[in-house]
file target12.cif (mmCIF, C-alpha atoms and all ligand atoms)
data_start
loop_
_atom_site.group_PDB
_atom_site.id
_atom_site.type_symbol
_atom_site.label_atom_id
_atom_site.label_comp_id
_atom_site.auth_asym_id
_atom_site.auth_seq_id
_atom_site.Cartn_x
_atom_site.Cartn_y
_atom_site.Cartn_z
ATOM 1 C CA MET A 74 64.669 -5.222 31.946
ATOM 2 C CA ALA A 75 67.528 -7.153 30.273
ATOM 3 C CA PHE A 76 65.358 -7.627 27.169
ATOM 4 C CA SER A 77 64.694 -3.900 27.025
ATOM 5 C CA ILE A 78 68.425 -3.071 27.219
ATOM 6 C CA VAL A 79 69.240 -5.551 24.430
ATOM 7 C CA LYS A 80 66.397 -4.134 22.324
ATOM 8 C CA ARG A 81 67.569 -0.560 22.858
ATOM 9 C CA TYR A 82 71.159 -1.534 22.020
ATOM 10 C CA ARG A 83 69.966 -3.217 18.803
ATOM 11 C CA GLU A 84 67.990 -0.118 17.837
ATOM 12 C CA TYR A 85 71.027 2.079 18.589
ATOM 13 C CA ARG A 86 73.211 -0.115 16.374
ATOM 14 C CA ILE A 87 70.738 -0.091 13.481
ATOM 15 C CA ASN A 88 70.414 3.695 13.710
ATOM 16 C CA ALA A 89 74.213 4.008 13.890
ATOM 17 C CA ILE A 90 74.677 1.879 10.749
ATOM 18 C CA ASN A 91 72.093 3.971 8.873
ATOM 19 C CA GLU A 92 73.781 7.183 9.998
ATOM 20 C CA PHE A 93 77.208 5.785 9.039
ATOM 21 C CA TYR A 94 76.087 5.150 5.449
ATOM 22 C CA LEU A 95 74.493 8.600 5.214
ATOM 23 C CA HIS A 96 77.919 10.083 5.991
ATOM 24 C CA ILE A 97 79.883 8.014 3.453
ATOM 25 C CA ASN A 98 77.453 7.163 0.627
ATOM 26 C CA ASP A 99 78.782 9.856 -1.720
ATOM 27 C CA LEU A 100 82.315 8.522 -1.235
ATOM 28 C CA LEU A 101 81.279 4.920 -1.929
ATOM 29 C CA GLU A 102 79.978 6.053 -5.329
ATOM 30 C CA GLN A 103 83.434 7.253 -6.344
ATOM 31 C CA GLU A 104 85.322 5.043 -8.790
ATOM 32 C CA SER A 105 88.650 5.310 -6.966
ATOM 33 C CA VAL A 106 87.024 4.183 -3.699
ATOM 34 C CA GLN A 107 85.345 1.224 -5.439
ATOM 35 C CA GLN A 108 88.696 0.275 -7.007
ATOM 36 C CA LEU A 109 90.048 -0.337 -3.497
ATOM 37 C CA ASP A 110 88.088 -3.591 -3.596
ATOM 38 C CA ASP A 111 90.549 -4.894 -6.223
ATOM 39 C CA PHE A 112 93.564 -4.688 -3.915
ATOM 40 C CA ILE A 113 94.422 -7.125 -1.155
ATOM 41 C CA GLN A 114 95.164 -5.633 2.259
ATOM 42 C CA HIS A 115 96.783 -7.718 4.996
ATOM 43 C CA PHE A 116 96.290 -11.001 3.093
ATOM 44 C CA CYS A 117 92.619 -11.761 3.722
ATOM 45 C CA HIS A 118 90.633 -8.559 3.127
ATOM 46 C CA SER A 119 90.304 -6.202 0.193
ATOM 47 C CA ARG A 120 91.520 -2.679 0.901
ATOM 48 C CA LEU A 121 87.934 -1.445 0.665
ATOM 49 C CA LYS A 122 86.735 -4.003 3.228
ATOM 50 C CA HIS A 123 89.600 -2.963 5.529
ATOM 51 C CA SER A 124 88.747 0.726 5.038
ATOM 52 C CA MET A 125 85.029 0.128 5.672
ATOM 53 C CA ASP A 126 85.832 -1.718 8.911
ATOM 54 C CA VAL A 127 88.205 1.023 10.086
ATOM 55 C CA ALA A 128 85.639 3.688 9.161
ATOM 56 C CA TYR A 129 82.702 1.988 10.902
ATOM 57 C CA TYR A 130 84.451 1.036 14.152
ATOM 58 C CA SER A 131 86.053 4.486 14.363
ATOM 59 C CA PHE A 132 82.726 6.193 13.636
ATOM 60 C CA PHE A 133 80.993 4.147 16.334
ATOM 61 C CA ILE A 134 83.629 5.010 18.960
ATOM 62 C CA ALA A 135 83.565 8.718 18.033
ATOM 63 C CA LYS A 136 79.766 8.673 18.278
ATOM 64 C CA VAL A 137 79.844 7.093 21.745
ATOM 65 C CA PHE A 138 82.271 9.814 22.918
ATOM 66 C CA GLY A 139 80.187 12.549 21.276
ATOM 67 C CA TRP A 140 83.090 13.604 19.031
ATOM 68 C CA ASP A 141 83.043 14.389 15.287
ATOM 69 C CA ALA A 142 81.717 11.035 14.062
ATOM 70 C CA ARG A 143 81.082 12.227 10.488
ATOM 71 C CA SER A 144 84.682 13.370 9.909
ATOM 72 C CA THR A 145 85.926 10.191 11.595
ATOM 73 C CA ALA A 146 83.834 7.973 9.302
ATOM 74 C CA ARG A 147 84.827 9.817 6.109
ATOM 75 C CA ALA A 148 88.528 9.972 6.916
ATOM 76 C CA GLY A 149 88.474 6.357 8.091
ATOM 77 C CA LEU A 150 87.115 5.305 4.707
ATOM 78 C CA LEU A 151 89.722 7.350 2.814
ATOM 79 C CA HIS A 152 92.768 6.716 5.012
ATOM 80 C CA ASP A 153 94.256 4.092 2.640
ATOM 81 C CA LEU A 154 93.109 5.554 -0.683
ATOM 82 C CA PHE A 155 96.123 4.462 -2.712
ATOM 83 C CA LEU A 156 95.787 2.353 -5.837
ATOM 84 C CA TYR A 157 98.880 0.179 -6.070
ATOM 85 C CA ASP A 158 99.930 -3.205 -4.765
ATOM 86 C CA ARG A 159 102.832 -2.649 -2.404
ATOM 87 C CA TYR A 160 103.777 -6.361 -2.592
ATOM 88 C CA ASN A 161 104.097 -6.357 -6.390
ATOM 89 C CA GLU A 162 107.743 -6.686 -7.423
ATOM 90 C CA ASP A 163 107.281 -3.969 -10.054
ATOM 91 C CA CYS A 164 105.813 -1.543 -7.534
ATOM 92 C CA ASP A 165 107.923 1.620 -7.583
ATOM 93 C CA HIS A 166 106.367 3.208 -4.492
ATOM 94 C CA LYS A 167 109.298 3.435 -2.124
ATOM 95 C CA ASN A 168 108.951 3.923 1.612
ATOM 96 C CA HIS A 169 105.303 2.869 1.605
ATOM 97 C CA THR A 170 104.768 3.281 5.366
ATOM 98 C CA LYS A 171 105.759 6.942 5.305
ATOM 99 C CA ASN A 172 104.419 7.923 1.890
ATOM 100 C CA HIS A 173 101.040 6.214 1.470
ATOM 101 C CA PRO A 174 99.205 8.648 3.821
ATOM 102 C CA ILE A 175 100.426 11.525 1.606
ATOM 103 C CA ILE A 176 99.188 9.709 -1.533
ATOM 104 C CA ALA A 177 95.867 8.855 0.147
ATOM 105 C CA LEU A 178 95.402 12.512 1.113
ATOM 106 C CA GLU A 179 96.096 13.682 -2.450
ATOM 107 C CA ASN A 180 93.647 11.115 -3.845
ATOM 108 C CA ALA A 181 90.987 11.982 -1.254
ATOM 109 C CA ARG A 182 91.199 15.671 -2.201
ATOM 110 C CA LYS A 183 90.456 14.724 -5.826
ATOM 111 C CA ILE A 184 87.044 13.311 -4.907
ATOM 112 C CA THR A 185 85.823 15.446 -1.986
ATOM 113 C CA GLU A 186 86.495 18.547 0.057
ATOM 114 C CA LEU A 187 88.209 17.665 3.318
ATOM 115 C CA ASN A 188 87.981 19.591 6.553
ATOM 116 C CA ASP A 189 91.062 19.980 8.772
ATOM 117 C CA ILE A 190 90.139 17.016 10.966
ATOM 118 C CA GLU A 191 89.632 14.667 8.005
ATOM 119 C CA ALA A 192 92.856 15.763 6.293
ATOM 120 C CA ASN A 193 94.897 15.342 9.475
ATOM 121 C CA ILE A 194 93.379 11.932 10.254
ATOM 122 C CA ILE A 195 94.419 10.643 6.823
ATOM 123 C CA ARG A 196 97.856 12.292 6.902
ATOM 124 C CA ARG A 197 98.765 11.039 10.389
ATOM 125 C CA HIS A 198 97.074 7.636 10.573
ATOM 126 C CA MET A 199 100.417 5.794 10.537
ATOM 127 C CA TRP A 200 101.542 7.383 13.789
ATOM 128 C CA LEU A 201 103.807 5.158 15.886
ATOM 129 C CA ALA A 202 105.230 3.762 12.666
ATOM 130 C CA THR A 203 105.802 7.430 11.730
ATOM 131 C CA LEU A 204 106.881 10.167 14.117
ATOM 132 C CA VAL A 205 104.267 12.927 14.013
ATOM 133 C CA PRO A 206 101.055 12.176 15.980
ATOM 134 C CA PRO A 207 97.510 13.159 14.916
ATOM 135 C CA ARG A 208 96.441 16.719 15.824
ATOM 136 C CA TYR A 209 92.828 15.876 16.738
ATOM 137 C CA LYS A 210 91.361 13.358 19.162
ATOM 138 C CA GLU A 211 89.407 11.707 16.330
ATOM 139 C CA GLY A 212 92.762 10.938 14.692
ATOM 140 C CA TYR A 213 93.792 8.781 17.627
ATOM 141 C CA ILE A 214 90.661 6.676 17.194
ATOM 142 C CA VAL A 215 91.417 5.971 13.524
ATOM 143 C CA THR A 216 95.110 5.365 14.231
ATOM 144 C CA PHE A 217 94.407 2.713 16.843
ATOM 145 C CA VAL A 218 91.397 1.148 15.100
ATOM 146 C CA ASP A 219 93.515 0.856 11.933
ATOM 147 C CA LYS A 220 96.184 -1.048 13.865
ATOM 148 C CA TYR A 221 93.584 -3.253 15.528
ATOM 149 C CA CYS A 222 91.987 -4.104 12.145
ATOM 150 C CA ALA A 223 95.383 -4.735 10.525
ATOM 151 C CA ALA A 224 96.388 -7.130 13.335
ATOM 152 C CA LYS A 225 93.015 -8.905 13.137
ATOM 153 C CA GLU A 226 93.274 -9.251 9.357
ATOM 154 C CA LEU A 227 96.846 -10.561 9.507
ATOM 155 C CA PHE A 228 95.796 -13.121 12.096
ATOM 156 C CA GLN A 229 92.728 -14.180 10.084
ATOM 157 C CA GLY A 230 94.906 -14.362 6.966
ATOM 158 C CA MET A 231 97.321 -16.724 8.687
ATOM 159 C CA LEU A 232 94.465 -18.927 9.944
ATOM 160 C CA SER A 233 92.708 -19.031 6.570
ATOM 161 C CA GLY A 234 95.907 -19.878 4.676
ATOM 162 C CA HIS A 235 95.522 -16.759 2.509
ATOM 163 C CA LYS A 236 92.431 -17.880 0.585
ATOM 164 C CA GLU A 237 90.331 -15.504 -1.540
ATOM 165 C CA PRO A 238 90.192 -12.112 0.183
ATOM 166 C CA VAL A 239 86.921 -10.891 1.683
ATOM 167 C CA LYS A 240 85.611 -8.024 -0.445
ATOM 168 C CA ALA A 241 83.281 -5.172 0.441
ATOM 169 C CA ILE A 242 81.445 -5.042 -2.906
ATOM 170 C CA GLY A 243 82.291 -8.524 -4.205
HETATM 171 FE FE FE B 1 97.545 2.996 6.010
HETATM 172 FE FE FE B 2 94.691 0.970 7.061
#
call {"tool": "encode", "arguments": {"input": "target12.cif", "output": "structure tokens"}}
result
Amino acid sequence: MAFSIVKRYREYRINAINEFYLHINDLLEQESVQQLDDFIQHFCHSRLKHSMDVAYYSFFIAKVFGWDARSTARAGLLHDLFLYDRYNEDCDHKNHTKNHPIIALENARKITELNDIEANIIRRHMWLATLVPPRYKEGYIVTFVDKYCAAKELFQGMLSGHKEPVKAIG
């Protein structure tokens, strides 16, 4: 009985991972998405690794609830699609917390058509640090998963002493 549950859970996870990549493969082929691997996010991960984690965990939760898992995965991957280093002294992007969702949304629209859910997830993912909440329930998943991943990455970064960041592509 226990073996059968574990086996079924494993099969569910494998199927979920395959489905996840089917939803985002076209985005992963985009140059701007691949370039996210060159930027460090929260000290120990590349921005692409962070975005992949946010996208996958959010997708999995949306799938369990029976919500729009495809939009959640795609918007999760694109939620931080900005190509600058906010910690660089020469960086002229002011008010990063408020403005980077707007930049990410503009950049996402250059590489794919976004539905209303995807656009709103990206635009409002900084809620709590910004005032306006997401409009759709899927947006709350990405908002909270993003914060969970950021906290986890900051913690891992502190423990690892800020060594080479973990990359998604390598
Ligand atoms: Fe962000
Ligand atoms: Fe993020």
call {"tool": "resolve_selection", "arguments": {"input": "target12.cif", "expression": "the PyMOL selection byres (((chain A and resi 151) around 12) and not hetatm)", "output": "ChimeraX atom specification"}}
result
/A:97,100-101,103,105-107,109,120-129,144-150,152-156,173-187,191-196,198,215,219
call {"tool": "closest_residue", "arguments": {"input": "target12.cif", "among": "A:Asn161, A:Ser131, A:Gln114, A:Ser77", "to": "ligand FE 1 (chain B)", "atoms": "all atoms listed in the file"}}
result
A:Gln114
call {"tool": "atom_distance", "arguments": {"input": "target12.cif", "atom1": "CA of Phe133 (chain A)", "atom2": "atom FE of ligand FE 1 (chain B)"}}
result
19.5 Å
call {"tool": "atom_distance", "arguments": {"input": "target12.cif", "atom1": "CA of Asp111 (chain A)", "atom2": "atom FE of ligand FE 2 (chain B)"}}
result
15.1 Å
call {"tool": "resolve_selection", "arguments": {"input": "target12.cif", "expression": "the PyMOL selection byres (((chain A and resi 89-91) around 12) and not hetatm)", "output": "ChimeraX atom specification"}}
result
/A:82-88,92-98,125-126,128-137,142-143,146
call {"tool": "atom_distance", "arguments": {"input": "target12.cif", "atom1": "CA of Trp140 (chain A)", "atom2": "CA of Arg197 (chain A)"}}
result
18.1 Å
call {"tool": "residues_around", "arguments": {"input": "target12.cif", "residues": "region 221-231 of chain A", "least_positions_apart": "5", "cutoff": "6 Å", "atoms": "all atoms listed in the file", "output": "tab-separated table (two decimals) with C-alpha atoms, in the coordinates of the input"}}
result
chain	number	residue	atom	x	y	z
A	115	HIS	CA	96.78	-7.72	5.00
A	116	PHE	CA	96.29	-11.00	3.09
A	117	CYS	CA	92.62	-11.76	3.72
call {"tool": "residues_around", "arguments": {"input": "target12.cif", "residues": "Arg159 (chain A)", "least_positions_apart": "4", "cutoff": "10 Å", "atoms": "all atoms listed in the file", "output": "list in words"}}
result
Phe112, Ile113, Gln114, Phe155, Asp163, Cys164, Asp165, His166, Lys167, Asn168, His169, Thr170 and His173 of chain A
call {"tool": "closest_residue", "arguments": {"input": "target12.cif", "among": "A:Ile190, A:Leu232, A:Met199, A:Ala75", "to": "ligand FE 1 (chain B)", "atoms": "all atoms listed in the file"}}
result
A:Met199
call {"tool": "axis_aligned_box", "arguments": {"input": "target12.cif", "around": "region 151-168 of chain A", "padding_each_side": "5 Å", "output": "AutoDock Vina command-line options"}}
result
--center_x 99.5 --center_y 0.3 --center_z -2.5 --size_x 29.6 --size_y 24.0 --size_z 25.1
call {"tool": "closest_residue", "arguments": {"input": "target12.cif", "among": "A:Leu204, A:Gln108, A:Asp189, A:Phe217", "to": "ligand FE 2 (chain B)", "atoms": "all atoms listed in the file"}}
result
A:Phe217
call {"tool": "closest_residue", "arguments": {"input": "target12.cif", "among": "A:Val239, A:Val79, A:Ala202, A:Ile214", "to": "ligand FE 1 (chain B)", "atoms": "all atoms listed in the file"}}
result
A:Ala202
call {"tool": "closest_residue", "arguments": {"input": "target12.cif", "among": "A:Lys220, A:Glu211, A:Ser233, A:Ile242", "to": "ligand FE 2 (chain B)", "atoms": "only C-alpha atoms and all ligand atoms"}}
result
A:Lys220
